[in-house]
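Source file: coords11.cif (mmCIF, C-alpha atoms)
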data_input
#
loop_
_atom_site.label_atom_id
_atom_site.label_comp_id
_atom_site.auth_asym_id
_atom_site.auth_seq_id
_atom_site.Cartn_x
_atom_site.Cartn_y
_atom_site.Cartn_z
CA MET A 1 189.31 169.21 102.65
CA ASN A 2 187.68 165.91 102.33
CA MET A 3 184.60 165.47 104.41
CA PRO A 4 183.88 161.96 105.70
CA ALA A 5 181.11 160.40 103.82
CA ALA A 6 177.94 160.26 105.79
CA LYS A 7 177.05 156.75 106.63
CA ILE A 8 173.39 156.12 105.99
CA GLU A 9 171.90 153.10 107.58
CA ILE A 10 168.53 151.82 106.43
CA GLU A 11 166.80 149.82 109.04
CA THR A 12 163.88 147.65 108.19
CA ALA A 13 161.13 148.03 110.69
CA THR A 14 159.75 144.79 111.95
CA PRO A 15 155.98 144.75 112.28
CA VAL A 16 154.77 144.98 115.82
CA ALA A 17 152.05 142.54 116.67
CA SER A 18 148.93 144.44 117.49
CA SER A 19 146.99 143.36 120.48
CA ALA A 20 143.75 144.78 119.06
CA PRO A 21 141.28 142.04 118.08
CA VAL A 22 140.48 141.63 114.40
CA VAL A 23 136.79 142.10 113.75
CA ALA A 24 135.37 140.09 110.85
CA MET A 25 132.95 142.15 108.81
CA THR A 26 129.79 140.23 108.04
CA PRO A 27 127.22 141.47 105.54
CA ARG A 28 124.37 143.21 107.22
CA ARG A 29 121.19 141.20 107.09
CA PRO A 30 118.06 143.05 106.13
CA PRO A 31 115.52 143.42 108.91
CA ARG A 32 113.07 140.57 109.23
CA ALA A 33 110.16 142.90 108.56
CA GLU A 34 111.77 143.91 105.25
CA VAL A 35 112.20 140.26 104.24
CA TYR A 36 108.57 139.51 105.05
CA ALA A 37 107.43 142.59 103.17
CA ARG A 38 109.37 141.53 100.07
CA MET A 39 107.94 138.01 100.25
CA ALA A 40 104.45 139.46 100.62
CA ARG A 41 104.95 141.65 97.55
CA GLU A 42 106.21 138.74 95.45
CA THR A 43 103.29 136.59 96.56
CA ALA A 44 100.81 139.37 95.83
CA VAL A 45 102.20 139.84 92.32
CA ARG A 46 101.62 136.15 91.59
CA VAL A 47 98.32 135.63 93.40
CA ILE A 48 96.29 138.83 93.06
CA PRO A 49 96.02 139.00 89.21
CA PRO A 50 94.54 135.49 88.80
CA LEU A 51 92.25 136.05 91.79
CA VAL A 52 90.94 139.25 90.22
CA VAL A 53 90.35 137.51 86.89
CA ILE A 54 88.58 134.58 88.58
CA ALA A 55 86.40 136.95 90.60
CA LEU A 56 85.40 138.89 87.47
CA LEU A 57 84.62 135.70 85.52
CA THR A 58 82.57 134.37 88.44
CA LEU A 59 80.62 137.62 88.61
CA VAL A 60 79.90 137.51 84.87
CA TRP A 61 78.89 133.85 85.15
CA GLU A 62 76.54 134.68 88.03
CA LEU A 63 74.89 137.57 86.19
CA VAL A 64 74.49 135.71 82.89
CA CYS A 65 73.18 132.43 84.33
CA ARG A 66 70.72 134.05 86.74
CA ARG A 67 68.49 135.06 83.88
CA ALA A 68 65.34 133.08 83.29
CA GLY A 69 65.73 130.22 80.86
CA SER A 70 69.48 129.82 81.40
CA ALA A 71 70.71 126.29 80.70
CA LEU A 72 73.57 126.44 83.22
CA PRO A 73 73.30 127.14 86.96
CA PRO A 74 75.03 130.21 88.45
CA PRO A 75 77.92 129.73 90.91
CA SER A 76 75.65 130.33 93.91
CA LYS A 77 73.36 127.46 92.87
CA VAL A 78 76.34 125.20 92.11
CA PHE A 79 77.59 125.69 95.66
CA THR A 80 74.13 125.10 97.14
CA ASP A 81 73.58 121.91 95.12
CA THR A 82 77.03 120.44 95.81
CA LYS A 83 77.60 121.60 99.38
CA GLU A 84 77.43 118.04 100.74
CA LEU A 85 79.93 116.77 98.17
CA ILE A 86 82.31 119.62 99.03
CA LEU A 87 82.05 119.26 102.80
CA ASP A 88 82.14 115.45 102.88
CA PRO A 89 84.28 114.07 100.03
CA PHE A 90 85.18 110.88 101.94
CA PHE A 91 81.80 109.13 102.26
CA ASP A 92 81.52 105.60 100.94
CA HIS A 93 78.10 103.98 100.70
CA GLY A 94 79.34 101.02 98.68
CA GLY A 95 79.51 100.41 94.95
CA ILE A 96 79.87 103.59 92.94
CA ASP A 97 78.13 105.73 95.57
CA LYS A 98 81.32 107.34 96.86
CA GLY A 99 82.62 110.81 97.63
CA LEU A 100 84.73 112.75 95.17
CA PHE A 101 87.92 111.84 97.03
CA TRP A 102 87.52 108.17 96.10
CA HIS A 103 86.72 108.93 92.47
CA LEU A 104 89.71 111.24 92.15
CA SER A 105 91.93 108.76 93.98
CA ALA A 106 90.97 105.94 91.59
CA SER A 107 91.70 108.14 88.57
CA LEU A 108 95.05 109.25 89.99
CA GLN A 109 96.09 105.65 90.63
CA ARG A 110 95.40 104.73 87.02
CA VAL A 111 97.26 107.80 85.80
CA ALA A 112 100.24 107.07 88.06
CA PHE A 113 100.57 103.51 86.75
CA GLY A 114 100.05 104.26 83.06
CA TYR A 115 102.18 107.41 83.13
CA SER A 116 105.07 105.65 84.88
CA LEU A 117 105.09 102.96 82.19
CA SER A 118 105.01 105.58 79.43
CA ALA A 119 107.83 107.56 81.06
CA ILE A 120 110.11 104.51 81.28
CA ALA A 121 109.34 103.23 77.80
CA GLY A 122 109.29 106.71 76.26
CA ILE A 123 112.70 107.72 77.58
CA ALA A 124 114.22 104.39 76.51
CA LEU A 125 112.77 104.59 72.98
CA GLY A 126 113.68 108.28 72.73
CA VAL A 127 117.30 107.50 73.60
CA LEU A 128 117.32 104.74 70.98
CA VAL A 129 115.86 106.96 68.27
CA GLY A 130 118.08 109.91 69.16
CA GLN A 131 121.27 107.88 69.33
CA SER A 132 120.82 105.58 66.34
CA VAL A 133 120.33 106.90 62.82
CA TRP A 134 118.85 103.58 61.67
CA ALA A 135 116.37 103.52 64.55
CA MET A 136 115.33 107.09 63.77
CA ARG A 137 114.74 106.26 60.10
CA GLY A 138 112.79 103.14 60.93
CA LEU A 139 110.75 104.19 63.96
CA ASP A 140 110.24 107.95 63.69
CA PRO A 141 107.72 107.77 60.79
CA LEU A 142 105.75 105.12 62.71
CA PHE A 143 105.71 107.26 65.85
CA GLN A 144 104.56 110.31 63.89
CA VAL A 145 101.60 108.35 62.51
CA LEU A 146 100.57 106.69 65.77
CA ARG A 147 100.72 109.87 67.85
CA THR A 148 97.96 111.47 65.75
CA ILE A 149 95.40 108.80 66.74
CA PRO A 150 92.93 110.23 69.31
CA PRO A 151 93.04 108.62 72.78
CA LEU A 152 89.50 107.27 72.71
CA ALA A 153 90.15 105.56 69.37
CA TRP A 154 92.44 103.16 71.25
CA LEU A 155 89.79 102.23 73.82
CA PRO A 156 87.77 99.69 71.76
CA LEU A 157 90.98 97.94 70.75
CA SER A 158 92.24 97.82 74.34
CA LEU A 159 88.89 96.50 75.59
CA ALA A 160 89.01 93.77 72.96
CA ALA A 161 92.56 92.85 73.96
CA PHE A 162 92.31 93.02 77.78
CA ARG A 163 88.55 92.40 78.25
CA ASP A 164 88.61 94.50 81.41
CA GLY A 165 88.17 98.21 82.06
CA GLN A 166 91.10 98.72 84.43
CA PRO A 167 93.98 97.58 82.17
CA SER A 168 92.21 99.14 79.19
CA ALA A 169 92.21 102.56 80.85
CA ILE A 170 95.87 102.19 81.81
CA PHE A 171 96.74 101.24 78.23
CA VAL A 172 94.93 104.32 76.90
CA ILE A 173 96.95 106.50 79.30
CA PHE A 174 100.16 104.78 78.24
CA ILE A 175 99.58 105.02 74.51
CA THR A 176 98.44 108.65 74.74
CA SER A 177 101.28 110.06 76.83
CA ILE A 178 104.25 108.14 75.43
CA TRP A 179 104.64 110.04 72.14
CA PRO A 180 105.71 113.49 73.43
CA ILE A 181 108.16 111.77 75.79
CA ILE A 182 109.73 109.81 72.93
CA ILE A 183 109.94 112.78 70.58
CA ASN A 184 111.34 115.28 73.10
CA THR A 185 113.86 112.77 74.44
CA ALA A 186 115.06 111.98 70.93
CA VAL A 187 115.46 115.69 70.14
CA GLY A 188 117.43 116.18 73.35
CA ILE A 189 119.75 113.29 72.57
CA ARG A 190 120.39 114.54 69.03
CA ASN A 191 121.19 118.02 70.37
CA ILE A 192 123.95 116.88 72.72
CA PRO A 193 126.98 119.08 71.85
CA GLN A 194 129.76 117.32 69.98
CA ASP A 195 132.25 118.60 72.55
CA TYR A 196 130.58 116.41 75.17
CA ARG A 197 130.96 113.39 72.96
CA ASN A 198 134.61 114.22 72.30
CA VAL A 199 135.34 114.50 76.02
CA ALA A 200 133.62 111.16 76.63
CA ALA A 201 135.81 109.57 73.96
CA VAL A 202 138.98 111.08 75.43
CA VAL A 203 138.28 109.83 78.95
CA GLN A 204 137.09 106.51 77.46
CA LEU A 205 133.66 106.33 79.07
CA ASN A 206 131.88 103.05 78.55
CA PRO A 207 128.30 103.15 77.15
CA LEU A 208 126.71 102.96 80.60
CA GLU A 209 128.88 105.79 81.96
CA PHE A 210 128.20 107.87 78.84
CA PHE A 211 124.46 107.34 79.30
CA ALA A 212 124.48 108.29 82.99
CA LYS A 213 127.04 111.12 82.98
CA ILE A 214 126.65 112.74 79.57
CA MET A 215 123.51 111.73 77.76
CA ILE A 216 120.81 112.01 80.42
CA PRO A 217 122.07 115.26 82.07
CA ALA A 218 122.47 116.97 78.69
CA ALA A 219 119.03 115.90 77.44
CA ALA A 220 117.21 116.37 80.77
CA PRO A 221 115.55 119.72 79.87
CA TYR A 222 114.05 118.16 76.73
CA ILE A 223 113.02 115.02 78.61
CA PHE A 224 111.15 116.98 81.26
CA THR A 225 109.39 119.01 78.58
CA GLY A 226 108.07 115.75 77.18
CA LEU A 227 107.15 114.53 80.65
CA ARG A 228 105.13 117.69 81.31
CA ILE A 229 103.21 117.30 78.07
CA GLY A 230 102.71 113.61 78.83
CA ILE A 231 101.22 114.14 82.30
CA GLY A 232 98.68 116.57 80.87
CA LEU A 233 97.68 114.12 78.15
CA SER A 234 97.44 111.33 80.73
CA TRP A 235 94.97 113.28 82.84
CA LEU A 236 92.91 114.16 79.76
CA ALA A 237 92.87 110.56 78.58
CA ILE A 238 91.76 109.00 81.88
CA VAL A 239 88.79 111.34 82.27
CA ALA A 240 87.63 110.52 78.75
CA ALA A 241 88.26 106.77 79.10
CA GLU A 242 86.43 106.47 82.43
CA MET A 243 83.29 107.90 80.87
CA LEU A 244 83.08 104.74 78.77
CA ILE A 245 84.54 101.98 80.96
CA GLY A 246 82.45 102.84 84.05
CA GLY A 247 83.35 102.02 87.64
CA VAL A 248 84.87 104.37 90.17
CA GLY A 249 86.65 107.37 88.70
CA ILE A 250 86.14 111.06 88.09
CA GLY A 251 85.30 110.49 84.43
CA PHE A 252 82.53 108.06 85.32
CA PHE A 253 81.30 110.47 88.03
CA ILE A 254 80.90 113.19 85.38
CA TRP A 255 79.08 110.83 83.01
CA ASP A 256 76.80 109.55 85.78
CA ALA A 257 75.98 113.12 86.81
CA TRP A 258 75.06 113.90 83.21
CA ASN A 259 72.75 110.91 83.02
CA SER A 260 71.11 112.09 86.26
CA SER A 261 70.86 115.70 85.00
CA HIS A 262 73.00 116.98 87.91
CA ILE A 263 74.72 119.83 86.08
CA SER A 264 76.06 121.38 89.28
CA GLU A 265 77.92 118.15 90.11
CA ILE A 266 79.49 118.17 86.65
CA ILE A 267 80.73 121.72 87.16
CA LEU A 268 82.17 120.83 90.57
CA ALA A 269 83.93 117.77 89.13
CA LEU A 270 85.39 119.85 86.29
CA PHE A 271 86.73 122.30 88.85
CA TYR A 272 88.53 119.49 90.68
CA VAL A 273 89.82 118.05 87.40
CA GLY A 274 91.33 121.40 86.45
CA ILE A 275 92.94 121.95 89.85
CA ILE A 276 94.48 118.47 89.94
CA GLY A 277 95.75 118.81 86.37
CA PHE A 278 97.42 122.08 87.32
CA VAL A 279 99.00 120.50 90.41
CA LEU A 280 100.34 117.54 88.39
CA ASP A 281 101.90 119.88 85.85
CA ARG A 282 103.51 121.96 88.62
CA LEU A 283 104.90 118.83 90.27
CA ILE A 284 106.62 117.66 87.08
CA ALA A 285 107.85 121.20 86.38
CA GLY A 286 109.26 121.52 89.90
CA LEU A 287 110.95 118.14 89.65
CA GLY A 288 112.45 119.12 86.30
CA LYS A 289 113.73 122.42 87.70
CA PHE A 290 115.32 120.57 90.64
CA VAL A 291 116.96 117.86 88.52
CA THR A 292 118.22 120.19 85.79
CA HIS A 293 119.21 122.99 88.20
CA GLY A 294 116.80 125.44 86.60
CA THR A 295 117.55 124.77 82.93
CA ALA A 296 114.22 123.04 82.28
CA GLN A 297 111.38 125.32 81.25
CA ASN A 298 109.08 126.11 84.17
#

If you took the structure in this file and wrote it as C-alpha cells, what would it be?
Amino acid sequence: MNMPAAKIEIETATPVASSAPVVAMTPRRPPRAEVYARMARETAVRVIPPLVVIALLTLVWELVCRRAGSALPPPSKVFTDTKELILDPFFDHGGIDKGLFWHLSASLQRVAFGYSLSAIAGIALGVLVGQSVWAMRGLDPLFQVLRTIPPLAWLPLSLAAFRDGQPSAIFVIFITSIWPIIINTAVGIRNIPQDYRNVAAVVQLNPLEFFAKIMIPAAAPYIFTGLRIGIGLSWLAIVAAEMLIGGVGIGFFIWDAWNSSHISEIILALFYVGIIGFVLDRLIAGLGKFVTHGTAQN
C-alpha cells in the first residue's frame, strides 16, 4: 500500500526586530592616575640621568677648584660673582653696559638673519647641484674647497668688503652655515627614488609641481639634517666673530670679560651659549620632525 508522501514545508523565519538598545563598546580609557604615572616615568627617564651627571660634574668642579692656587673659580664663587647678572639680565646703562639678555638678543638677531639667507640659498643651490649633472661637476669641487675654510678666516675679507661689523658678522654666519645645507640637500635630491620620477612623468607634472610635490618632500629629511648642522655652525660663528668686531653681542661680552679678568662672567656666558645652542638645535629638529612626519633624524 502506497503511503502518501509526507509534505515537508520549510519556512524561512523572518528576523524579529529587537527592542533592546544596541550598546556601542568603547575602549576603556586608562585611569588618569595611570596616565600621569606613565608620563612621570618617561620624563624621569629623560631628565634624571643628565641631572645626575651634571650634579657629579659640578661636585668634581667644586672640589678641584677650591684648592689653593686654582686658576678657575668653583661653581659657588661663579654664582656669587654673577648673581646680579643672573637676577637682572635686562638692565641697560647705555653703550655696551647691558645685561646678558641684550647681548644674547643681538647675537640671535644676527644669527636669524644670516642663517635665513644661508637656508634659502643653500636649499636652492643644493637642488641645482642634485638635479643637474653639469652643475654638480662644476660646483661641487668648489663647494668642497670653500667649506674647509675656517669661519674667522672670512672675517677680514668681509670687513674689507662691507667696512662695518654688522654685515660682516652676518656674512660670516652665512658663509659658514651654507655648506652643510647645500651638500645635504644635493644628496637628498640625488637619492629621490626613480619610481617617484616615473610617476611624475606619467601624470605629466610641470617642473614647479615636481619641485613642490615630489622633490622637496622626498629630500626633506636630508634638508633638515643640513639645517641642523647649519644652525649649530651659525651659533659657533657668531660668538667667534663678535669677539673681533666688538659692539653688543655675547661674543663681545665674553671677550670684554676676559680683558677685565672676570672669569666667572665668562663661565656664566658660556653656560648661556650652550643652553641657547641646544634650544636652537631642538627647534630645528622639532620642525623637521613635524614637516617630515617623523622621518627626519631627531

Can you pull out every residue within 12 Å of Val64 of chain A, counting all atoms listed in the file, but drop anything in the same chain fewer than 6 positions away, and send it as a list in words? Leu57, Thr58, Ser70, Ala71, Leu72, Pro73, Pro74 and Pro75 of chain A

Report as a PyMOL selection string all protein, DNA and RNA residues lying within 10 Å of segment 182-199 of chain A, evaluated on all atoms listed in the file, omitting residues in the same chain fewer than 6 positions from it. chain A and resi 118-133+136+140+143-144+205+210+214-227+229-230

Could you tell me which residues the PyMOL selection byres ((chain A and resi 174-178) around 6) returns for this structure, as a list of chain:residue names? A:Gly114, A:Tyr115, A:Ser118, A:Gly122, A:Pro151, A:Phe171, A:Val172, A:Ile173, A:Trp179, A:Pro180, A:Ile181, A:Gly230, A:Leu233, A:Ser234

Could you give me, as JSON lines, a per-residue list for segment 77-180 of chain A showing, wherever an atom lies at most 9 Å from an atom of segment 236-247 of chain A, the closest pair of atoms and their distance in Å to one decimal, using all atoms listed in the file and sorting by chain then residue number from low to high?
{"residue": "A:Gly95", "atom": "CA", "partner": "A:Gly247", "partner_atom": "CA", "distance": 8.4}
{"residue": "A:Ile96", "atom": "CA", "partner": "A:Gly247", "partner_atom": "CA", "distance": 6.5}
{"residue": "A:Ser107", "atom": "CA", "partner": "A:Ile238", "partner_atom": "CA", "distance": 6.7}
{"residue": "A:Leu108", "atom": "CA", "partner": "A:Ile238", "partner_atom": "CA", "distance": 8.8}
{"residue": "A:Arg110", "atom": "CA", "partner": "A:Ile238", "partner_atom": "CA", "distance": 7.6}
{"residue": "A:Val111", "atom": "CA", "partner": "A:Ile238", "partner_atom": "CA", "distance": 6.9}
{"residue": "A:Pro151", "atom": "CA", "partner": "A:Ala237", "partner_atom": "CA", "distance": 6.1}
{"residue": "A:Leu152", "atom": "CA", "partner": "A:Ala241", "partner_atom": "CA", "distance": 6.5}
{"residue": "A:Leu155", "atom": "CA", "partner": "A:Ala241", "partner_atom": "CA", "distance": 7.1}
{"residue": "A:Leu159", "atom": "CA", "partner": "A:Ile245", "partner_atom": "CA", "distance": 8.8}
{"residue": "A:Asp164", "atom": "CA", "partner": "A:Ile245", "partner_atom": "CA", "distance": 8.5}
{"residue": "A:Gly165", "atom": "CA", "partner": "A:Ile245", "partner_atom": "CA", "distance": 5.3}
{"residue": "A:Gln166", "atom": "CA", "partner": "A:Ile245", "partner_atom": "CA", "distance": 8.1}
{"residue": "A:Ser168", "atom": "CA", "partner": "A:Ile245", "partner_atom": "CA", "distance": 8.4}
{"residue": "A:Ala169", "atom": "CA", "partner": "A:Ala241", "partner_atom": "CA", "distance": 6.0}
{"residue": "A:Ile170", "atom": "CA", "partner": "A:Ile238", "partner_atom": "CA", "distance": 8.0}
{"residue": "A:Val172", "atom": "CA", "partner": "A:Ala237", "partner_atom": "CA", "distance": 6.8}
{"residue": "A:Ile173", "atom": "CA", "partner": "A:Ala237", "partner_atom": "CA", "distance": 5.8}
{"residue": "A:Thr176", "atom": "CA", "partner": "A:Ala237", "partner_atom": "CA", "distance": 7.0}
{"residue": "A:Ser177", "atom": "CA", "partner": "A:Ala237", "partner_atom": "CA", "distance": 8.6}

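Interatomic distance, atom CA of Trp102 of chain A against atom CA of Val279 of chain A: 17.8 Å.
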
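One distance worth recording is that between atom CA of Lys77 of chain A and atom CA of Glu62 of chain A, which is 9.3 Å.
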
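Atom CA of Pro49 of chain A is found 26.3 Å from atom CA of Arg32 of chain A.
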
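Nearest residue to Ile231 of chain A, choosing from A:Thr292, A:Ser116, A:Asn259, A:Asn206 and counting all atoms listed in the file: A:Ser116.
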
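With distances restricted to only C-alpha atoms, A:Val248 is the closest residue to Lys98 of chain A from A:Ala55, A:Val248, A:Ala285, A:Val35.
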
At a cut-off of 12 Å around the point (76.2, 111.7, 89.1) (file coordinates), what residues fall inside when counting all atoms listed in the file? I'd like the answer as number ranges by chain. A: 82, 85, 96-100, 103, 243, 246, 248-269

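You can rank A:Pro207, A:Leu104, A:Trp134, A:Arg147 by their closest distance to Gly277 of chain A using all atoms listed in the file, and at the top of that list sits A:Leu104.
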